Amino acid sequence: MPTHLILGGARSGKSRHAEQLAAASGLAVHVIVTAEALDAEMAARITRHQADRPAGWTVHEAPRSLAATLAAVAAPERCVVVDCLTLWLANLLNGAETLAPGADAGALPAFARERAALLALIPDLPGTVIFVANEVGLGLVPESALGRLFRDEAGRINQAVAARCGHVSFVAAGLPLQLKG
């Protein structure tokens with residue numbers, strides 16, 4: 001299982017599934033987290049995730065520079081969990097509200113650079129890498145243009161990462177469904 005993308009909705013069990021796979025790998029586990037505690041509610045969520053992780057796992061924070069962090073952390077004797085691509089995407093879309101109507105997020109230099117760097121890196125990653133991402137396109141169409149841009153870019157990044165990963169799973173109600181690999 002060199003690379004694995006785990007998709008699912010909110011509270012689907014996708015992070016728990018990633019943690020179970022990492023623990024079962026028998027490798028040293030490193031977790032790259034992308035969330036930032038910008039408010040009390042997010043701080044509480046981060047605290048809950050921290051409490052759920054085994055004490056011996058090494059945690060790296062990469063709210064924006066995911067590719068550089070992943071390149072530095074991934075190694076043959078390691079299992080790296082990236083949790084999650086969706087929050088990383090949200091961080092990179094900072095400034096998207098200034099884009100012209102109908103513009104692609106590729107017009108944001110940081111987004112374009114970081115997305116390209118991650119996608120170029122995935123095929124050559126050493127060790128085992130597990131990506132976690134939300135599947136946000138299953139619900140209602142977002143009301144705002146920014147919400148629709150986020151949904152569309154999340155779908156695009158999920159497709160691009162899935163194409164480069166050897167394994168892809170979808171988790172619903174805590175039950176993983178193997179889609180690829």
# chains A, B, ... in the order shown; residues from 1 in each chain; ligands from 1

call {"tool": "select_by_dssp", "arguments": {"residues": "range 9-105 of chain A", "states": "helix (DSSP H, G or I)", "output": "PyMOL selection string"}}
result
chain A and resi 14-24+40-52+66-73+85-92+96-98+105

call {"tool": "residues_around", "arguments": {"residues": "range 132-140 of chain A", "least_positions_apart": "5", "cutoff": "6 Å", "atoms": "only C-alpha atoms", "output": "VMD selection string"}}
result
chain A and resid 5 to 9 83 to 86

call {"tool": "closest_residue", "arguments": {"among": "A:Thr98, A:Arg48, A:Glu114, A:His30", "to": "Ser65 in chain A", "atoms": "only C-alpha atoms"}}
result
A:Glu114

call {"tool": "closest_residue", "arguments": {"among": "A:Ala145, A:Leu121, A:Leu70, A:Cys79", "to": "Ala18 in chain A", "atoms": "only C-alpha atoms"}}
result
A:Cys79

call {"tool": "residues_around", "arguments": {"residues": "Glu61 in chain A", "least_positions_apart": "5", "cutoff": "9 Å", "atoms": "only C-alpha atoms", "output": "MDAnalysis selection string"}}
result
chainID A and resid 31:36 66 69

call {"tool": "write_last_selection", "arguments": {"atoms": "all heavy atoms", "output": "JSON list (two decimals), in the first residue's frame"}}
result
[["chain", "number", "residue", "atom", "x", "y", "z"],
["A", 31, "VAL", "N", 2.32, 11.91, 11.09],
["A", 31, "VAL", "CA", 1.06, 12.51, 10.66],
["A", 31, "VAL", "C", 1.33, 13.94, 10.25],
["A", 31, "VAL", "O", 1.95, 14.70, 11.00],
["A", 31, "VAL", "CB", 0.01, 12.47, 11.80],
["A", 31, "VAL", "CG1", -1.32, 13.08, 11.33],
["A", 31, "VAL", "CG2", -0.21, 11.05, 12.29],
["A", 32, "ILE", "N", 0.88, 14.29, 9.06],
["A", 32, "ILE", "CA", 0.96, 15.68, 8.61],
["A", 32, "ILE", "C", -0.45, 16.25, 8.71],
["A", 32, "ILE", "O", -1.37, 15.75, 8.04],
["A", 32, "ILE", "CB", 1.49, 15.79, 7.17],
["A", 32, "ILE", "CG1", 2.90, 15.21, 7.07],
["A", 32, "ILE", "CG2", 1.46, 17.25, 6.71],
["A", 32, "ILE", "CD1", 3.46, 15.16, 5.66],
["A", 33, "VAL", "N", -0.61, 17.25, 9.57],
["A", 33, "VAL", "CA", -1.92, 17.85, 9.77],
["A", 33, "VAL", "C", -1.97, 19.19, 9.05],
["A", 33, "VAL", "O", -0.97, 19.91, 8.98],
["A", 33, "VAL", "CB", -2.25, 18.01, 11.27],
["A", 33, "VAL", "CG1", -2.36, 16.64, 11.94],
["A", 33, "VAL", "CG2", -1.21, 18.86, 11.99],
["A", 34, "THR", "N", -3.15, 19.53, 8.53],
["A", 34, "THR", "CA", -3.29, 20.75, 7.74],
["A", 34, "THR", "C", -4.21, 21.77, 8.39],
["A", 34, "THR", "O", -4.33, 22.88, 7.88],
["A", 34, "THR", "CB", -3.82, 20.41, 6.34],
["A", 34, "THR", "OG1", -5.09, 19.79, 6.46],
["A", 34, "THR", "CG2", -2.85, 19.50, 5.60],
["A", 35, "ALA", "N", -4.85, 21.41, 9.49],
["A", 35, "ALA", "CA", -5.80, 22.32, 10.15],
["A", 35, "ALA", "C", -5.06, 23.39, 10.95],
["A", 35, "ALA", "O", -3.97, 23.16, 11.46],
["A", 35, "ALA", "CB", -6.74, 21.55, 11.06],
["A", 36, "GLU", "N", -5.71, 24.53, 11.05],
["A", 36, "GLU", "CA", -5.21, 25.61, 11.89],
["A", 36, "GLU", "C", -6.31, 25.95, 12.90],
["A", 36, "GLU", "O", -7.48, 26.01, 12.54],
["A", 36, "GLU", "CB", -4.89, 26.86, 11.07],
["A", 36, "GLU", "CG", -3.72, 26.68, 10.13],
["A", 36, "GLU", "CD", -3.43, 27.93, 9.35],
["A", 36, "GLU", "OE1", -4.25, 28.31, 8.49],
["A", 36, "GLU", "OE2", -2.38, 28.54, 9.61],
["A", 66, "LEU", "N", 2.30, 21.66, 1.94],
["A", 66, "LEU", "CA", 2.17, 20.21, 2.10],
["A", 66, "LEU", "C", 3.22, 19.44, 1.32],
["A", 66, "LEU", "O", 3.83, 18.51, 1.85],
["A", 66, "LEU", "CB", 0.76, 19.78, 1.68],
["A", 66, "LEU", "CG", 0.47, 18.29, 1.75],
["A", 66, "LEU", "CD1", 0.72, 17.74, 3.15],
["A", 66, "LEU", "CD2", -0.96, 18.02, 1.31],
["A", 69, "THR", "N", 6.65, 19.60, 3.02],
["A", 69, "THR", "CA", 6.64, 18.82, 4.27],
["A", 69, "THR", "C", 6.62, 17.33, 3.97],
["A", 69, "THR", "O", 7.37, 16.56, 4.57],
["A", 69, "THR", "CB", 5.43, 19.22, 5.14],
["A", 69, "THR", "OG1", 5.48, 20.63, 5.37],
["A", 69, "THR", "CG2", 5.44, 18.48, 6.46]]

call {"tool": "select_by_dssp", "arguments": {"residues": "chain A", "states": "strand (DSSP E)", "output": "PyMOL selection string"}}
result
chain A and resi 3-8+28-33+58-61+78-83+128-134+167-172+175-180

call {"tool": "residues_around", "arguments": {"residues": "Leu119 in chain A", "least_positions_apart": "5", "cutoff": "9 Å", "atoms": "only C-alpha atoms", "output": "ChimeraX atom specification"}}
result
/A:67,114,157,160-161,164

call {"tool": "atom_distance", "arguments": {"atom1": "CA of Ala62 in chain A", "atom2": "CA of Gly174 in chain A"}}
result
26.2 Å

call {"tool": "residues_around", "arguments": {"residues": "Ala24 in chain A", "least_positions_apart": "5", "cutoff": "12 Å", "atoms": "only C-alpha atoms", "output": "list of chain:residue names"}}
result
A:Met1, A:His17, A:Ala18, A:Glu19, A:Val29, A:Cys79, A:Thr128

call {"tool": "atom_distance", "arguments": {"atom1": "CA of Ala96 in chain A", "atom2": "CA of Leu146 in chain A"}}
result
7.0 Å

call {"tool": "atom_distance", "arguments": {"atom1": "CA of Phe131 in chain A", "atom2": "CA of Gly166 in chain A"}}
result
11.5 Å

call {"tool": "closest_residue", "arguments": {"among": "A:Asp52, A:Asp39, A:Glu97, A:Glu77", "to": "Ser25 in chain A", "atoms": "only C-alpha atoms"}}
result
A:Glu77

call {"tool": "closest_residue", "arguments": {"among": "A:Pro126, A:Gly155, A:Leu27, A:Ala40", "to": "Val73 in chain A", "atoms": "only C-alpha atoms"}}
result
A:Pro126

call {"tool": "residues_around", "arguments": {"residues": "Lys180 in chain A", "least_positions_apart": "3", "cutoff": "8 Å", "atoms": "only C-alpha atoms", "output": "number ranges by chain"}}
result
A: 166-169

call {"tool": "write_last_selection", "arguments": {"atoms": "N, CA and C atoms", "output": "short mmCIF file (atom, residue, chain, number, x, y, z; two decimals), in the first residue's frame"}}
result
data_model
loop_
_atom_site.label_atom_id
_atom_site.label_comp_id
_atom_site.auth_asym_id
_atom_site.auth_seq_id
_atom_site.Cartn_x
_atom_site.Cartn_y
_atom_site.Cartn_z
N GLY A 166 -2.17 4.28 -5.60
CA GLY A 166 -2.40 2.87 -5.91
C GLY A 166 -3.68 2.32 -5.29
N HIS A 167 -4.12 2.94 -4.20
CA HIS A 167 -5.32 2.49 -3.49
C HIS A 167 -6.21 3.70 -3.21
N VAL A 168 -7.50 3.50 -3.37
CA VAL A 168 -8.48 4.54 -3.04
C VAL A 168 -9.65 3.85 -2.34
N SER A 169 -10.07 4.43 -1.21
CA SER A 169 -11.21 3.90 -0.46
C SER A 169 -12.21 5.03 -0.20
#

call {"tool": "decode", "arguments": {"residues": "range 52-92 of chain A", "atoms": "N, CA and C atoms", "output": "PDB file, in the first residue's frame"}}
result
ATOM      1  N   ASP A  52      -6.975  11.250  20.051  1.00  0.00           N
ATOM      2  CA  ASP A  52      -7.260   9.957  19.423  1.00  0.00           C
ATOM      3  C   ASP A  52      -6.010   9.279  18.859  1.00  0.00           C
ATOM      4  N   ARG A  53      -4.947  10.038  18.622  1.00  0.00           N
ATOM      5  CA  ARG A  53      -3.736   9.471  18.031  1.00  0.00           C
ATOM      6  C   ARG A  53      -2.863   8.800  19.083  1.00  0.00           C
ATOM      7  N   PRO A  54      -2.208   7.688  18.721  1.00  0.00           N
ATOM      8  CA  PRO A  54      -1.243   7.073  19.640  1.00  0.00           C
ATOM      9  C   PRO A  54      -0.123   8.040  20.002  1.00  0.00           C
ATOM     10  N   ALA A  55       0.356   7.949  21.204  1.00  0.00           N
ATOM     11  CA  ALA A  55       1.361   8.886  21.735  1.00  0.00           C
ATOM     12  C   ALA A  55       2.678   8.847  20.962  1.00  0.00           C
ATOM     13  N   GLY A  56       3.055   7.729  20.405  1.00  0.00           N
ATOM     14  CA  GLY A  56       4.347   7.602  19.749  1.00  0.00           C
ATOM     15  C   GLY A  56       4.408   8.145  18.335  1.00  0.00           C
ATOM     16  N   TRP A  57       3.314   8.633  17.815  1.00  0.00           N
ATOM     17  CA  TRP A  57       3.307   9.141  16.449  1.00  0.00           C
ATOM     18  C   TRP A  57       3.860  10.564  16.406  1.00  0.00           C
ATOM     19  N   THR A  58       4.628  10.849  15.374  1.00  0.00           N
ATOM     20  CA  THR A  58       5.210  12.173  15.193  1.00  0.00           C
ATOM     21  C   THR A  58       4.264  13.018  14.339  1.00  0.00           C
ATOM     22  N   VAL A  59       4.004  14.233  14.794  1.00  0.00           N
ATOM     23  CA  VAL A  59       3.067  15.112  14.088  1.00  0.00           C
ATOM     24  C   VAL A  59       3.815  16.305  13.493  1.00  0.00           C
ATOM     25  N   HIS A  60       3.477  16.622  12.245  1.00  0.00           N
ATOM     26  CA  HIS A  60       4.038  17.763  11.522  1.00  0.00           C
ATOM     27  C   HIS A  60       2.880  18.636  11.069  1.00  0.00           C
ATOM     28  N   GLU A  61       3.011  19.934  11.200  1.00  0.00           N
ATOM     29  CA  GLU A  61       1.967  20.857  10.769  1.00  0.00           C
ATOM     30  C   GLU A  61       2.328  21.436   9.416  1.00  0.00           C
ATOM     31  N   ALA A  62       1.375  21.362   8.474  1.00  0.00           N
ATOM     32  CA  ALA A  62       1.595  21.892   7.122  1.00  0.00           C
ATOM     33  C   ALA A  62       0.283  22.444   6.577  1.00  0.00           C
ATOM     34  N   PRO A  63      -0.157  23.589   7.087  1.00  0.00           N
ATOM     35  CA  PRO A  63      -1.417  24.130   6.596  1.00  0.00           C
ATOM     36  C   PRO A  63      -1.377  24.553   5.129  1.00  0.00           C
ATOM     37  N   ARG A  64      -0.199  24.843   4.604  1.00  0.00           N
ATOM     38  CA  ARG A  64      -0.104  25.261   3.201  1.00  0.00           C
ATOM     39  C   ARG A  64       1.003  24.536   2.437  1.00  0.00           C
ATOM     40  N   SER A  65       2.175  24.397   2.991  1.00  0.00           N
ATOM     41  CA  SER A  65       3.333  23.813   2.292  1.00  0.00           C
ATOM     42  C   SER A  65       3.353  22.293   2.432  1.00  0.00           C
ATOM     43  N   LEU A  66       2.304  21.665   1.939  1.00  0.00           N
ATOM     44  CA  LEU A  66       2.166  20.214   2.096  1.00  0.00           C
ATOM     45  C   LEU A  66       3.222  19.441   1.315  1.00  0.00           C
ATOM     46  N   ALA A  67       3.463  19.796   0.079  1.00  0.00           N
ATOM     47  CA  ALA A  67       4.422  19.040  -0.733  1.00  0.00           C
ATOM     48  C   ALA A  67       5.822  19.075  -0.123  1.00  0.00           C
ATOM     49  N   ALA A  68       6.268  20.229   0.311  1.00  0.00           N
ATOM     50  CA  ALA A  68       7.603  20.342   0.913  1.00  0.00           C
ATOM     51  C   ALA A  68       7.686  19.525   2.198  1.00  0.00           C
ATOM     52  N   THR A  69       6.650  19.596   3.016  1.00  0.00           N
ATOM     53  CA  THR A  69       6.641  18.824   4.266  1.00  0.00           C
ATOM     54  C   THR A  69       6.619  17.333   3.970  1.00  0.00           C
ATOM     55  N   LEU A  70       5.785  16.919   3.035  1.00  0.00           N
ATOM     56  CA  LEU A  70       5.689  15.501   2.671  1.00  0.00           C
ATOM     57  C   LEU A  70       7.007  14.994   2.104  1.00  0.00           C
ATOM     58  N   ALA A  71       7.664  15.792   1.281  1.00  0.00           N
ATOM     59  CA  ALA A  71       8.965  15.389   0.720  1.00  0.00           C
ATOM     60  C   ALA A  71      10.000  15.208   1.821  1.00  0.00           C
ATOM     61  N   ALA A  72       9.935  16.041   2.853  1.00  0.00           N
ATOM     62  CA  ALA A  72      10.894  15.955   3.960  1.00  0.00           C
ATOM     63  C   ALA A  72      10.594  14.802   4.907  1.00  0.00           C
ATOM     64  N   VAL A  73       9.334  14.420   5.031  1.00  0.00           N
ATOM     65  CA  VAL A  73       8.919  13.433   6.031  1.00  0.00           C
ATOM     66  C   VAL A  73       8.844  12.003   5.473  1.00  0.00           C
ATOM     67  N   ALA A  74       8.385  11.845   4.246  1.00  0.00           N
ATOM     68  CA  ALA A  74       8.211  10.500   3.679  1.00  0.00           C
ATOM     69  C   ALA A  74       9.554   9.789   3.570  1.00  0.00           C
ATOM     70  N   ALA A  75       9.563   8.518   3.958  1.00  0.00           N
ATOM     71  CA  ALA A  75      10.779   7.701   3.918  1.00  0.00           C
ATOM     72  C   ALA A  75      10.378   6.234   3.808  1.00  0.00           C
ATOM     73  N   PRO A  76      11.270   5.394   3.299  1.00  0.00           N
ATOM     74  CA  PRO A  76      10.923   3.979   3.106  1.00  0.00           C
ATOM     75  C   PRO A  76      10.420   3.274   4.368  1.00  0.00           C
ATOM     76  N   GLU A  77      10.944   3.649   5.526  1.00  0.00           N
ATOM     77  CA  GLU A  77      10.582   2.955   6.764  1.00  0.00           C
ATOM     78  C   GLU A  77       9.440   3.641   7.508  1.00  0.00           C
ATOM     79  N   ARG A  78       8.711   4.515   6.828  1.00  0.00           N
ATOM     80  CA  ARG A  78       7.658   5.278   7.487  1.00  0.00           C
ATOM     81  C   ARG A  78       6.305   5.125   6.804  1.00  0.00           C
ATOM     82  N   CYS A  79       5.280   5.310   7.608  1.00  0.00           N
ATOM     83  CA  CYS A  79       3.925   5.471   7.117  1.00  0.00           C
ATOM     84  C   CYS A  79       3.524   6.899   7.462  1.00  0.00           C
ATOM     85  N   VAL A  80       3.170   7.669   6.446  1.00  0.00           N
ATOM     86  CA  VAL A  80       2.785   9.058   6.645  1.00  0.00           C
ATOM     87  C   VAL A  80       1.293   9.195   6.375  1.00  0.00           C
ATOM     88  N   VAL A  81       0.572   9.788   7.321  1.00  0.00           N
ATOM     89  CA  VAL A  81      -0.848  10.077   7.149  1.00  0.00           C
ATOM     90  C   VAL A  81      -0.990  11.583   6.944  1.00  0.00           C
ATOM     91  N   VAL A  82      -1.621  11.975   5.852  1.00  0.00           N
ATOM     92  CA  VAL A  82      -1.899  13.383   5.571  1.00  0.00           C
ATOM     93  C   VAL A  82      -3.374  13.621   5.865  1.00  0.00           C
ATOM     94  N   ASP A  83      -3.653  14.418   6.898  1.00  0.00           N
ATOM     95  CA  ASP A  83      -5.037  14.632   7.331  1.00  0.00           C
ATOM     96  C   ASP A  83      -5.275  16.130   7.530  1.00  0.00           C
ATOM     97  N   CYS A  84      -5.906  16.809   6.615  1.00  0.00           N
ATOM     98  CA  CYS A  84      -6.534  16.287   5.419  1.00  0.00           C
ATOM     99  C   CYS A  84      -6.338  17.235   4.236  1.00  0.00           C
ATOM    100  N   LEU A  85      -6.502  16.690   3.044  1.00  0.00           N
ATOM    101  CA  LEU A  85      -6.338  17.465   1.827  1.00  0.00           C
ATOM    102  C   LEU A  85      -7.375  18.585   1.710  1.00  0.00           C
ATOM    103  N   THR A  86      -8.559  18.373   2.244  1.00  0.00           N
ATOM    104  CA  THR A  86      -9.636  19.344   2.097  1.00  0.00           C
ATOM    105  C   THR A  86      -9.359  20.624   2.884  1.00  0.00           C
ATOM    106  N   LEU A  87      -8.844  20.491   4.109  1.00  0.00           N
ATOM    107  CA  LEU A  87      -8.476  21.683   4.874  1.00  0.00           C
ATOM    108  C   LEU A  87      -7.283  22.387   4.241  1.00  0.00           C
ATOM    109  N   TRP A  88      -6.345  21.614   3.718  1.00  0.00           N
ATOM    110  CA  TRP A  88      -5.202  22.190   2.996  1.00  0.00           C
ATOM    111  C   TRP A  88      -5.710  23.024   1.818  1.00  0.00           C
ATOM    112  N   LEU A  89      -6.661  22.479   1.071  1.00  0.00           N
ATOM    113  CA  LEU A  89      -7.245  23.196  -0.051  1.00  0.00           C
ATOM    114  C   LEU A  89      -7.902  24.492   0.427  1.00  0.00           C
ATOM    115  N   ALA A  90      -8.669  24.422   1.502  1.00  0.00           N
ATOM    116  CA  ALA A  90      -9.322  25.621   2.031  1.00  0.00           C
ATOM    117  C   ALA A  90      -8.284  26.686   2.398  1.00  0.00           C
ATOM    118  N   ASN A  91      -7.179  26.266   2.988  1.00  0.00           N
ATOM    119  CA  ASN A  91      -6.109  27.216   3.340  1.00  0.00           C
ATOM    120  C   ASN A  91      -5.526  27.878   2.096  1.00  0.00           C
ATOM    121  N   LEU A  92      -5.395  27.106   1.028  1.00  0.00           N
ATOM    122  CA  LEU A  92      -4.806  27.634  -0.210  1.00  0.00           C
ATOM    123  C   LEU A  92      -5.757  28.540  -0.984  1.00  0.00           C
TER     124      LEU A  92
END
